[in-house]
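Here's structure02.cif, which has mmCIF, C-alpha atoms:
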```
data_protein
#
loop_
_atom_site.label_atom_id
_atom_site.label_comp_id
_atom_site.auth_asym_id
_atom_site.auth_seq_id
_atom_site.Cartn_x
_atom_site.Cartn_y
_atom_site.Cartn_z
CA TYR A 1115 39.78 -106.08 48.69
CA LEU A 1116 37.90 -104.17 45.98
CA TYR A 1117 36.09 -106.45 43.52
CA LYS A 1118 34.36 -105.73 40.21
CA ASP A 1119 30.90 -107.12 41.09
CA CYS A 1120 28.95 -109.07 43.69
CA ALA A 1121 27.64 -111.81 41.39
CA SER A 1122 27.16 -115.47 42.17
CA TRP A 1123 29.77 -117.07 39.88
CA GLN A 1124 32.85 -115.81 41.72
CA ALA A 1125 32.08 -113.23 44.41
CA ALA A 1126 29.83 -115.58 46.39
CA LYS A 1127 32.78 -117.99 46.77
CA LEU A 1128 35.46 -115.34 47.24
CA PHE A 1129 33.92 -112.88 49.71
CA PRO A 1130 33.28 -115.26 52.65
CA ARG A 1131 36.87 -116.55 52.46
CA LEU A 1132 38.29 -113.04 52.33
CA GLN A 1133 36.19 -111.80 55.22
CA GLN A 1134 36.98 -114.86 57.32
CA ALA A 1135 40.69 -114.20 56.74
CA GLY A 1136 40.27 -110.67 58.06
CA HIS A 1137 40.02 -108.62 54.87
CA LYS A 1138 37.63 -105.73 54.41
CA VAL A 1139 35.61 -106.52 51.29
CA LEU A 1140 34.28 -103.87 48.91
CA ALA A 1141 32.55 -104.11 45.54
CA LEU A 1142 31.69 -101.83 42.63
CA ASP A 1143 29.70 -103.56 39.91
CA GLU A 1144 31.07 -102.62 36.49
CA GLU A 1145 27.70 -103.64 34.98
CA GLY A 1146 25.65 -101.67 37.48
CA LEU A 1147 24.52 -98.95 35.09
CA ILE A 1148 22.94 -100.93 32.25
CA PHE A 1149 21.09 -104.24 32.67
CA ARG A 1150 18.25 -106.06 31.00
CA SER A 1151 15.78 -105.72 33.92
CA GLU A 1152 15.78 -105.03 37.65
CA GLU A 1153 14.66 -108.59 38.37
CA ALA A 1154 17.41 -110.19 36.27
CA TYR A 1155 20.04 -107.82 37.64
CA LEU A 1156 19.23 -108.56 41.29
CA ARG A 1157 19.07 -112.28 40.58
CA ASP A 1158 22.25 -112.62 38.49
CA ARG A 1159 24.61 -109.89 39.73
CA VAL A 1160 23.60 -109.24 43.36
CA ASP A 1161 24.16 -112.59 45.03
CA SER A 1162 22.66 -113.02 48.51
CA THR A 1163 25.75 -114.73 49.94
CA ALA A 1164 28.11 -112.20 48.38
CA VAL A 1165 26.34 -109.10 49.71
CA ARG A 1166 26.10 -110.58 53.21
CA HIS A 1167 29.91 -110.65 53.21
CA LEU A 1168 30.41 -107.11 51.91
CA ASP A 1169 31.60 -104.22 54.05
CA LEU A 1170 30.89 -101.55 51.44
CA LEU A 1171 28.94 -101.63 48.19
CA PHE A 1172 29.62 -98.73 45.80
CA ALA A 1173 26.80 -97.58 43.50
CA TRP A 1174 26.95 -95.72 40.19
CA GLY A 1175 24.12 -93.39 41.20
CA ASP A 1176 20.80 -93.10 42.97
CA VAL A 1177 19.11 -95.19 40.27
CA GLN A 1178 21.26 -98.25 41.03
CA LYS A 1179 20.98 -97.63 44.77
CA GLN A 1180 17.18 -97.81 44.63
CA VAL A 1181 17.41 -101.08 42.69
CA LEU A 1182 19.92 -102.55 45.17
CA LEU A 1183 17.63 -101.71 48.10
CA LYS A 1184 15.02 -104.08 46.65
CA LYS A 1185 17.30 -107.01 47.57
CA ASN A 1186 16.53 -108.08 51.14
CA GLU A 1187 20.10 -109.10 51.92
CA VAL A 1188 21.58 -105.72 50.95
CA ARG A 1189 22.18 -103.63 54.06
CA PRO A 1190 21.22 -100.00 53.33
CA GLU A 1191 24.09 -98.72 55.50
CA SER A 1192 26.62 -100.60 53.32
CA ILE A 1193 25.73 -98.67 50.13
CA ARG A 1194 27.80 -95.66 49.12
CA VAL A 1195 26.73 -93.68 46.04
CA VAL A 1196 30.02 -92.66 44.39
CA GLY A 1197 29.74 -93.01 40.60
CA ASN A 1198 32.36 -94.89 38.60
CA PRO A 1199 36.06 -94.03 38.19
CA ARG A 1200 35.88 -94.83 34.46
CA LEU A 1201 33.80 -91.69 34.10
CA ASP A 1202 36.36 -89.70 36.09
CA LEU A 1203 38.86 -90.46 33.32
CA CYS A 1204 36.47 -88.99 30.76
CA ARG A 1205 35.96 -85.82 32.78
CA LEU A 1206 39.71 -85.45 33.34
CA THR A 1207 40.67 -86.13 29.73
CA PRO A 1208 39.81 -83.28 27.38
CA ALA A 1209 38.67 -84.15 23.89
CA THR A 1210 41.20 -83.31 21.21
CA HIS A 1211 40.04 -80.92 18.50
CA HIS A 1212 41.50 -82.10 15.22
CA SER A 1213 42.20 -80.29 12.00
CA ARG A 1214 40.53 -82.17 9.17
CA PRO A 1215 40.85 -84.26 7.13
CA PRO A 1216 40.67 -87.01 8.16
CA PHE A 1217 37.46 -87.24 10.18
CA ARG A 1218 38.00 -89.72 13.03
CA LEU A 1219 35.28 -92.28 13.77
CA LEU A 1220 35.36 -94.76 16.67
CA VAL A 1221 33.04 -97.73 16.15
CA ASN A 1222 32.30 -99.55 19.40
CA THR A 1223 30.81 -103.06 19.18
CA ARG A 1224 29.41 -105.35 21.89
CA PHE A 1225 28.29 -108.53 20.08
CA THR A 1226 29.76 -111.00 22.56
CA ILE A 1227 27.26 -113.81 21.97
CA VAL A 1228 27.07 -113.88 18.17
CA ASN A 1229 30.77 -113.05 17.69
CA SER A 1230 32.61 -114.76 20.53
CA ILE A 1231 35.75 -116.87 20.34
CA LYS A 1232 33.31 -119.60 21.40
CA SER A 1233 30.34 -120.51 19.25
CA THR A 1234 26.96 -118.97 20.06
CA ALA A 1235 25.75 -122.35 21.33
CA GLN A 1236 28.78 -122.68 23.65
CA THR A 1237 28.25 -119.15 24.98
CA LEU A 1238 24.58 -119.85 25.74
CA ASP A 1239 25.51 -123.14 27.42
CA ALA A 1240 27.96 -121.24 29.64
CA LEU A 1241 25.20 -118.79 30.61
CA ARG A 1242 23.01 -121.76 31.52
CA ARG A 1243 25.76 -123.26 33.71
CA LEU A 1244 26.19 -119.89 35.45
CA GLY A 1245 22.45 -119.69 36.09
CA VAL A 1246 21.97 -116.57 33.98
CA ILE A 1247 19.63 -118.60 31.76
CA ARG A 1248 17.48 -120.71 34.06
CA ASN A 1249 13.85 -120.65 32.88
CA PRO A 1250 11.76 -120.42 29.67
CA GLN A 1251 11.53 -116.62 29.96
CA ASP A 1252 15.34 -116.38 30.00
CA GLU A 1253 15.56 -118.69 27.00
CA ASP A 1254 13.10 -116.50 25.10
CA PHE A 1255 15.01 -113.33 26.00
CA TYR A 1256 18.37 -114.66 24.82
CA ALA A 1257 16.86 -116.12 21.66
CA ALA A 1258 15.54 -112.64 20.86
CA PHE A 1259 18.89 -111.13 21.89
CA VAL A 1260 20.82 -113.42 19.51
CA ALA A 1261 18.38 -112.74 16.67
CA ARG A 1262 18.67 -108.97 17.18
CA ASP A 1263 22.49 -108.95 17.47
CA THR A 1264 22.80 -111.11 14.34
CA ILE A 1265 21.04 -108.32 12.43
CA LEU A 1266 22.99 -105.60 14.25
CA ILE A 1267 26.49 -106.93 13.60
CA LYS A 1268 25.77 -107.19 9.88
CA ALA A 1269 24.38 -103.64 9.89
CA PHE A 1270 27.52 -102.34 11.60
CA VAL A 1271 29.87 -104.12 9.20
CA ASP A 1272 27.91 -102.84 6.19
CA ALA A 1273 27.88 -99.30 7.62
CA VAL A 1274 31.65 -99.28 8.22
CA ARG A 1275 32.34 -100.57 4.72
CA GLN A 1276 30.16 -97.83 3.23
CA LEU A 1277 31.75 -95.13 5.37
CA ALA A 1278 35.22 -96.31 4.40
CA GLN A 1279 34.43 -95.35 0.81
CA GLN A 1280 35.18 -91.76 1.83
CA GLY A 1281 38.83 -92.78 1.49
CA ASN A 1282 41.41 -90.54 3.10
CA ARG A 1283 38.71 -88.14 4.31
CA ILE A 1284 37.81 -90.55 7.13
CA ASP A 1285 39.85 -92.68 9.56
CA ILE A 1286 37.97 -95.48 11.35
CA ILE A 1287 38.87 -97.52 14.42
CA VAL A 1288 36.65 -100.52 15.19
CA ARG A 1289 36.85 -101.40 18.88
CA PRO A 1290 35.37 -104.84 19.60
CA HIS A 1291 34.28 -105.82 23.10
CA PRO A 1292 37.03 -107.90 24.81
CA GLY A 1293 34.73 -110.93 24.61
CA GLU A 1294 34.44 -110.69 20.83
CA ALA A 1295 36.53 -112.42 18.17
CA THR A 1296 38.59 -109.68 16.51
CA SER A 1297 39.30 -112.01 13.57
CA TYR A 1298 35.73 -111.53 12.31
CA TYR A 1299 36.26 -107.79 11.88
CA ALA A 1300 39.80 -108.21 10.54
CA SER A 1301 38.36 -110.40 7.77
CA ALA A 1302 35.35 -108.14 7.15
CA PHE A 1303 37.52 -105.04 6.69
CA ALA A 1304 40.49 -106.62 4.95
CA GLY A 1305 41.84 -104.37 2.22
CA LEU A 1306 40.37 -101.17 3.70
CA ASP A 1307 43.39 -99.03 4.52
CA ASN A 1308 41.37 -96.49 6.53
CA VAL A 1309 39.83 -99.09 8.91
CA ARG A 1310 41.73 -100.52 11.89
CA VAL A 1311 40.57 -103.07 14.47
CA ASP A 1312 41.92 -102.26 17.93
CA ASN A 1313 40.64 -103.24 21.37
CA ARG A 1314 44.04 -103.03 23.07
CA THR A 1315 44.44 -99.25 23.28
CA SER A 1316 42.66 -97.77 26.30
CA LEU A 1317 39.13 -96.56 25.63
CA THR A 1318 39.83 -93.11 27.06
CA GLU A 1319 42.74 -92.68 24.66
CA GLN A 1320 40.59 -93.77 21.73
CA LEU A 1321 37.77 -91.42 22.75
CA SER A 1322 40.22 -88.55 22.98
CA TRP A 1323 41.28 -89.41 19.41
CA ALA A 1324 37.74 -89.54 18.02
CA ASP A 1325 35.47 -86.90 16.48
CA LEU A 1326 32.42 -89.17 16.67
CA VAL A 1327 31.36 -92.53 18.13
CA LEU A 1328 29.13 -95.09 16.38
CA HIS A 1329 27.56 -97.65 18.73
CA GLU A 1330 24.42 -99.45 19.91
CA GLY A 1331 23.65 -99.79 23.60
CA CYS A 1332 27.26 -99.14 24.74
CA THR A 1333 28.33 -97.20 27.83
CA THR A 1334 30.97 -95.76 25.51
CA ALA A 1335 28.34 -93.25 24.37
CA ILE A 1336 27.97 -92.00 27.96
CA GLU A 1337 31.72 -91.77 28.44
CA ALA A 1338 31.99 -89.90 25.15
CA ALA A 1339 29.28 -87.45 26.22
CA LEU A 1340 31.23 -86.62 29.39
CA MET A 1341 34.20 -85.74 27.17
CA GLY A 1342 32.04 -83.58 24.92
CA ILE A 1343 32.22 -86.08 22.04
CA PRO A 1344 28.98 -86.75 20.10
CA SER A 1345 27.73 -90.22 19.18
CA VAL A 1346 25.39 -91.89 16.72
CA ALA A 1347 23.42 -95.00 17.70
CA LEU A 1348 22.46 -97.48 14.99
CA SER A 1349 19.45 -99.41 16.32
CA PRO A 1350 17.42 -101.16 13.57
CA THR A 1351 14.97 -102.48 16.19
CA PRO A 1352 14.19 -101.14 19.69
CA PRO A 1353 16.36 -102.45 22.57
CA LEU A 1354 14.84 -105.44 24.34
CA SER A 1355 14.30 -103.47 27.55
CA GLU A 1356 14.30 -99.86 28.68
CA PRO A 1357 17.53 -100.14 30.75
CA LEU A 1358 19.39 -101.64 27.78
CA GLY A 1359 18.48 -98.57 25.74
CA VAL A 1360 19.90 -96.00 28.19
CA PRO A 1361 23.15 -95.35 26.22
CA ASN A 1362 21.20 -94.67 23.02
CA SER A 1363 19.48 -91.73 24.75
CA PHE A 1364 22.85 -89.94 24.79
CA SER A 1365 23.08 -90.19 20.99
CA GLU A 1366 21.41 -89.32 17.74
CA CYS A 1367 19.58 -92.59 17.07
CA TYR A 1368 18.87 -94.09 13.63
CA THR A 1369 16.94 -97.23 12.73
CA LEU A 1370 18.28 -97.49 9.18
CA ALA A 1371 21.98 -98.02 8.49
CA SER A 1372 21.61 -95.89 5.36
CA ASP A 1373 20.39 -92.93 7.46
CA ALA A 1374 23.23 -93.31 9.97
CA VAL A 1375 25.76 -93.50 7.14
CA ALA A 1376 24.24 -90.46 5.44
CA ARG A 1377 24.40 -88.46 8.68
CA ILE A 1378 28.06 -89.36 9.31
CA ASN A 1379 28.97 -88.70 5.69
CA GLU A 1380 27.35 -85.27 6.05
CA LEU A 1381 29.50 -84.52 9.12
CA VAL A 1382 32.61 -85.64 7.24
CA ARG A 1383 31.76 -83.59 4.16
CA THR A 1384 30.82 -80.36 6.00
CA ASN A 1385 33.41 -80.60 8.81
CA THR A 1386 30.66 -80.05 11.38
CA SER A 1387 29.63 -81.70 14.63
CA PHE A 1388 26.96 -81.53 17.32
CA SER A 1389 26.99 -81.41 21.11
CA PRO A 1390 25.94 -84.32 23.34
CA SER A 1391 23.61 -83.56 26.24
CA LEU A 1392 23.44 -84.81 29.83
CA ASP A 1393 19.95 -84.37 31.26
CA ALA A 1394 18.56 -84.76 34.79
CA SER A 1395 18.05 -88.51 34.38
CA ALA A 1396 21.75 -88.89 33.58
CA MET A 1397 22.60 -87.04 36.78
CA ARG A 1398 20.53 -89.54 38.80
CA ALA A 1399 22.20 -92.50 37.10
CA LEU A 1400 25.78 -91.13 37.29
CA GLU A 1401 26.73 -89.60 40.61
CA ASN A 1402 30.07 -88.36 39.30
CA ALA A 1403 28.81 -86.87 36.05
CA GLN A 1404 29.45 -83.60 37.86
CA GLY A 1405 30.78 -82.53 41.24
CA ALA A 1406 33.31 -84.64 43.13
CA TYR A 1407 35.07 -87.42 41.27
CA ALA A 1408 34.22 -91.05 42.03
CA PHE A 1409 37.84 -91.86 42.95
CA GLU A 1410 37.78 -89.05 45.53
CA ARG A 1411 34.54 -90.36 47.04
CA ILE A 1412 35.92 -93.92 47.11
CA CYS A 1413 39.20 -92.82 48.70
CA ASP A 1414 37.25 -90.94 51.38
CA GLU A 1415 35.40 -94.16 52.18
CA LEU A 1416 38.62 -96.21 52.12
CA ALA A 1417 40.10 -93.79 54.65
CA THR A 1418 37.49 -94.99 57.15
CA VAL A 1419 38.44 -98.65 56.59
CA THR A 1420 41.72 -99.29 58.38
CA LEU A 1421 43.78 -102.32 59.40
CA PRO A 1422 46.92 -102.44 61.55
CA THR A 1423 50.07 -102.40 59.42
CA ALA A 1424 51.31 -105.78 60.59
CA ARG A 1425 47.91 -107.29 60.02
CA THR A 1426 47.76 -105.85 56.50
CA ARG A 1427 51.12 -107.43 55.61
CA THR A 1428 49.93 -110.80 56.91
CA LEU A 1429 46.72 -110.64 54.92
CA THR A 1430 48.56 -109.66 51.75
CA GLN A 1431 50.94 -112.61 52.19
CA GLN A 1432 48.00 -114.99 52.66
CA LEU A 1433 46.28 -113.67 49.57
CA SER A 1434 49.52 -113.80 47.61
CA ARG A 1435 50.15 -117.49 48.33
CA GLY A 1436 46.78 -118.59 46.96
CA ALA A 1437 46.95 -116.18 44.05
CA HIS A 1438 50.37 -117.42 42.96
CA LEU A 1439 49.03 -120.98 42.68
CA GLN A 1440 46.12 -119.75 40.58
CA ASP A 1441 48.51 -117.76 38.40
CA ILE A 1442 50.64 -120.85 37.78
CA ARG A 1443 47.53 -122.86 36.82
CA LEU A 1444 46.43 -120.14 34.38
CA SER A 1445 49.88 -119.96 32.80
CA LEU A 1446 50.00 -123.75 32.32
CA LYS A 1447 46.50 -123.77 30.82
CA ALA A 1448 47.44 -120.95 28.44
CA LEU A 1449 50.51 -122.90 27.32
CA PHE A 1450 48.47 -126.06 26.74
CA TYR A 1451 45.25 -124.71 25.22
CA LEU A 1452 46.56 -121.77 23.23
CA ARG A 1453 49.96 -123.07 22.03
CA LEU A 1454 50.48 -126.83 22.34
CA LEU A 1455 46.97 -128.15 21.57
CA PRO A 1456 46.54 -126.19 18.30
CA ARG A 1457 49.89 -127.61 17.09
CA LEU A 1458 48.87 -131.16 18.01
CA ARG A 1459 45.44 -130.86 16.37
CA GLY A 1460 46.74 -129.11 13.27
CA PRO A 1461 45.95 -125.67 11.84
CA ALA A 1462 42.78 -126.85 10.05
CA ALA A 1463 41.18 -128.44 13.12
CA PRO A 1464 38.42 -126.46 14.88
CA MET A 1465 39.14 -125.22 18.39
CA SER A 1466 37.91 -127.60 21.08
CA LYS A 1467 35.13 -126.45 23.45
CA ARG A 1468 37.49 -126.27 26.44
CA ALA A 1469 40.16 -124.42 24.49
CA ALA A 1470 37.58 -121.95 23.11
CA SER A 1471 36.17 -121.35 26.58
CA PHE A 1472 39.64 -120.71 28.02
CA ALA A 1473 40.64 -118.46 25.10
CA ASN A 1474 37.46 -116.44 25.56
CA LYS A 1475 38.17 -115.95 29.25
CA GLN A 1476 41.77 -114.94 28.57
CA ALA A 1477 40.59 -112.40 25.99
CA LYS A 1478 38.37 -110.73 28.60
CA PHE A 1479 40.80 -111.12 31.52
CA PRO A 1480 44.30 -111.39 30.06
CA LEU A 1481 47.44 -112.11 32.03
CA MET A 1482 48.68 -108.66 33.04
CA ALA A 1483 52.30 -107.60 33.47
CA ALA A 1484 53.10 -105.26 36.34
CA SER A 1485 54.85 -102.91 33.90
CA ARG A 1486 51.63 -102.50 31.91
CA ILE A 1487 49.58 -101.76 35.02
CA ARG A 1488 52.25 -99.33 36.25
CA ALA A 1489 52.28 -97.44 32.94
CA ARG A 1490 48.48 -97.22 32.92
CA VAL A 1491 48.26 -96.07 36.54
CA GLU A 1492 50.94 -93.44 35.97
CA ALA A 1493 49.08 -92.14 32.92
CA ILE A 1494 45.87 -91.90 34.95
CA ALA A 1495 47.60 -90.28 37.94
CA ALA A 1496 49.12 -87.64 35.66
CA LEU A 1497 45.61 -86.38 34.82
CA HIS A 1498 44.97 -85.24 38.38
CA PRO A 1499 46.24 -81.81 39.47
CA VAL A 1500 47.83 -83.21 42.63
CA ALA A 1501 50.61 -85.66 41.76
CA THR A 1502 50.66 -88.87 43.82
CA SER A 1503 53.42 -91.46 43.84
CA LEU A 1504 52.20 -95.06 43.98
CA ASP A 1505 54.01 -98.33 44.58
CA ILE A 1506 52.50 -101.29 42.72
CA LYS A 1507 53.06 -104.88 43.77
CA ARG A 1508 51.86 -107.72 41.56
CA ILE A 1509 50.23 -110.62 43.41
CA ASP A 1510 49.03 -112.53 40.36
CA SER A 1511 47.95 -111.93 36.77
CA GLN A 1512 44.88 -109.95 37.80
CA THR A 1513 45.59 -108.81 41.37
CA PHE A 1514 47.79 -105.90 42.43
CA VAL A 1515 48.45 -104.09 45.70
CA LEU A 1516 48.71 -100.31 45.42
CA THR A 1517 50.25 -98.26 48.24
CA ARG A 1518 51.27 -94.64 48.47
CA GLY A 1519 54.92 -94.23 47.52
CA GLN A 1520 57.55 -92.12 49.21
CA ALA A 1521 57.25 -88.40 48.43
#
```

Full structure transcribed into structure tokens:
Amino acid sequence: YLYKDCASWQAAKLFPRLQQAGHKVLALDEEGLIFRSEEAYLRDRVDSTAVRHLDLLFAWGDVQKQVLLKKNEVRPESIRVVGNPRLDLCRLTPATHHSRPPFRLLVNTRFTIVNSIKSTAQTLDALRRLGVIRNPQDEDFYAAFVARDTILIKAFVDAVRQLAQQGNRIDIIVRPHPGEATSYYASAFAGLDNVRVDNRTSLTEQLSWADLVLHEGCTTAIEAALMGIPSVALSPTPPLSEPLGVPNSFSECYTLASDAVARINELVRTNTSFSPSLDASAMRALENAQGAYAFERICDELATVTLPTARTRTLTQQLSRGAHLQDIRLSLKALFYLRLLPRLRGPAAPMSKRAASFANKQAKFPLMAASRIRARVEAIAALHPVATSLDIKRIDSQTFVLTRGQA
């Protein structure tokens, strides 16, 4: 069972049950590259109970490995430095060279606290319940974070509106983080025919489309660099910690929105570009920035983790029974909170706290159809030189079993 992190809010409950049932448990933290501090990362995303019930822990690179080793409960022999498969997609997907006009700009945003489906206060309360905010120092950090992002989101909206004045010479896609409210951007850019808001299309596809990325503190800049696509970082004030500023080091960085806009307008006007760079520090942080792909390294490790066929079927059936019940609960909640309750309360009524919390979670982790997963997996598999047939079985809205298909 491969999970997306080893944090306290879910993994600490899930891993012991899985291991007790006979599963092999593996984790790759999707937030393991960029974090606010080593102390906060080890406290919030490397739970002691979770890592004690892990068979293998995959790391993005040597940098994350050295941080993980500072946690007493992490067994050094459980760590495998493999990189991240998201970056494999970037290396496998060549950037498209476009004839201009229009110049294609991808704007990646990540303002999940100041522009969530929930209010900022509700989001901070949720972080307190999860234990992410637990002391005065945490309160101070997130107060500064909210203040900074409030300035940033306005700067990004203003920059996009100014850039859109280039008319048909520029085409802009704004890609909000899944935890953001897309309605904010839809309203901000209403009437601008050359600006679209889209966080449904895969990021790799959007990067392949783009000539340039505009961001602040987003891993998108790193993924773009691996595809040979340049990026501009708009950072009016310094990031609140050195790790949070890592993505900006892959970009041309500007503190004034007017300077960033002028630079992009220059690129649009002159039909020119620049090349991103990956230095030695990037190689330490990203194991699969070159050499073997992360998916190859992970598959090599999975090949050493075996279960008898009959036992595997039994475990899958056990997992499926519990997952189906959870799937039914999620479907009923979605029906109540997202369809029935708004009708009962009326269109003018504000969304309740519970409904907003559920809607926010569904935005980040939507109910997934097997057909959508199958289409995505097939598109990814087609990038690799050696074709592989895969059978995909849906267990619940967010859990799938992949097995090698018949040749």

Taking the file as I've supplied it (selection: the PyMOL selection byres ((chain A and resi 1480-1496) around 9)), which residues are included? Please answer as a PyMOL selection string.
chain A and resi 1203+1316+1441+1444-1445+1475-1479+1497-1508+1510-1514

Spell out the residues picked by the PyMOL selection byres ((chain A and resi 1240) around 12) here, as a PyMOL selection string.
chain A and resi 1123+1227+1232-1239+1241-1248+1467-1468+1470-1472+1474-1475

Given the selection you just returned, output its residues as a file containing C-alpha atoms, formatted as an mmCIF file, in the coordinates of the input.
```
data_model
loop_
_atom_site.group_PDB
_atom_site.id
_atom_site.type_symbol
_atom_site.label_atom_id
_atom_site.label_comp_id
_atom_site.auth_asym_id
_atom_site.auth_seq_id
_atom_site.Cartn_x
_atom_site.Cartn_y
_atom_site.Cartn_z
ATOM 1 C CA TRP A 1123 29.770 -117.070 39.880
ATOM 2 C CA ILE A 1227 27.260 -113.810 21.970
ATOM 3 C CA LYS A 1232 33.310 -119.600 21.400
ATOM 4 C CA SER A 1233 30.340 -120.510 19.250
ATOM 5 C CA THR A 1234 26.960 -118.970 20.060
ATOM 6 C CA ALA A 1235 25.750 -122.350 21.330
ATOM 7 C CA GLN A 1236 28.780 -122.680 23.650
ATOM 8 C CA THR A 1237 28.250 -119.150 24.980
ATOM 9 C CA LEU A 1238 24.580 -119.850 25.740
ATOM 10 C CA ASP A 1239 25.510 -123.140 27.420
ATOM 11 C CA LEU A 1241 25.200 -118.790 30.610
ATOM 12 C CA ARG A 1242 23.010 -121.760 31.520
ATOM 13 C CA ARG A 1243 25.760 -123.260 33.710
ATOM 14 C CA LEU A 1244 26.190 -119.890 35.450
ATOM 15 C CA GLY A 1245 22.450 -119.690 36.090
ATOM 16 C CA VAL A 1246 21.970 -116.570 33.980
ATOM 17 C CA ILE A 1247 19.630 -118.600 31.760
ATOM 18 C CA ARG A 1248 17.480 -120.710 34.060
ATOM 19 C CA LYS A 1467 35.130 -126.450 23.450
ATOM 20 C CA ARG A 1468 37.490 -126.270 26.440
ATOM 21 C CA ALA A 1470 37.580 -121.950 23.110
ATOM 22 C CA SER A 1471 36.170 -121.350 26.580
ATOM 23 C CA PHE A 1472 39.640 -120.710 28.020
ATOM 24 C CA ASN A 1474 37.460 -116.440 25.560
ATOM 25 C CA LYS A 1475 38.170 -115.950 29.250
#
```

Please report the interatomic distance between atom CA of A:Arg1150 and atom CA of A:Gln1251 in Å with one decimal.
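Separating atom CA of A:Arg1150 from atom CA of A:Gln1251 is a distance of 12.6 Å.
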
List as a tab-separated table every residue of stretch 1317-1415 of chain A that is in contact with stretch 1257-1264 of chain A, defined as an atom at most 12 Å from one of its atoms (using only C-alpha atoms), together with the nearest atom pair and the distance in Å rounded to one decimal, sorted by chain and then rising number.
```
residue	atom	partner	partner_atom	distance
A:Glu1330	CA	A:Asp1263	CA	10.0
A:Gly1331	CA	A:Asp1263	CA	11.1
A:Leu1348	CA	A:Asp1263	CA	11.7
A:Ser1349	CA	A:Arg1262	CA	9.6
A:Pro1350	CA	A:Arg1262	CA	8.7
A:Thr1351	CA	A:Arg1262	CA	7.5
A:Pro1352	CA	A:Arg1262	CA	9.4
A:Pro1353	CA	A:Arg1262	CA	8.8
A:Leu1354	CA	A:Phe1259	CA	7.4
A:Ser1355	CA	A:Phe1259	CA	10.6
A:Leu1358	CA	A:Phe1259	CA	11.2
```

Counting all atoms listed in the file, what is within 10 Å of A:Glu1191, bar same-chain residues fewer than 5 positions away, as a VMD selection string?
chain A and resid 1169 to 1171

Taking the file as shown, what set of residues would the PyMOL selection byres ((chain A and resi 1333) around 9) give back, as a list in words?
Leu1147, Ile1148, Gly1331, Cys1332, Thr1334, Ala1335, Ile1336, Glu1337, Ala1338, Val1360, Pro1361 and Asn1362 of chain A

Any idea what the distance is between atom CA of A:Val1221 and atom CA of A:Ala1173?
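Spanning atom CA of A:Val1221 to atom CA of A:Ala1173 is a straight-line distance of 28.1 Å.
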
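Atom pair atom CA of A:Asp1252 / atom CA of A:Phe1149 has a distance of 13.7 Å (rounded to one decimal).
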
Write out as CSV the residues of stretch 1269-1308 of chain A that have any atom within 9 Å of an atom of stretch 1367-1386 of chain A, one row each with the nearest atom pair and its distance in Å to one decimal, counting only C-alpha atoms, sorted by chain and then rising number.
```
residue,atom,partner,partner_atom,distance
A:Ala1269,CA,A:Ala1371,CA,6.3
A:Phe1270,CA,A:Ala1371,CA,7.7
A:Asp1272,CA,A:Ala1371,CA,8.0
A:Ala1273,CA,A:Ala1371,CA,6.1
A:Val1274,CA,A:Val1375,CA,8.3
A:Gln1276,CA,A:Val1375,CA,7.3
A:Leu1277,CA,A:Val1375,CA,6.5
A:Gln1280,CA,A:Asn1379,CA,7.9
A:Arg1283,CA,A:Val1382,CA,7.2
A:Ile1284,CA,A:Val1382,CA,7.2
```

Compile the contact shell of A:Phe1172 as an MDAnalysis selection string: residues with an atom at most 12 Å away, counting all atoms listed in the file, same-chain residues fewer than 3 positions apart removed.
chainID A and resid 1116:1120 1139:1144 1146:1147 1165 1168:1169 1175:1176 1178:1179 1182 1188 1190:1199 1401 1408:1409 1411:1413 1415:1416

May I have the residues within 9 Å of A:Ile1267 as a list in words, using only C-alpha atoms and disregarding those fewer than 6 positions away in the same chain?
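The residues that qualify are Thr1223, Arg1224, Phe1225, Val1228 and Asn1229 of chain A.
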
Considering only C-alpha atoms, return as a VMD selection string whatever protein or nucleic-acid residues lie within 6 Å of stretch 1285-1294 of chain A, sequence-local ones (same chain, fewer than 4 positions apart) excluded.
chain A and resid 1216 to 1224 1226 1229 to 1230 1308 to 1313 1477 to 1478
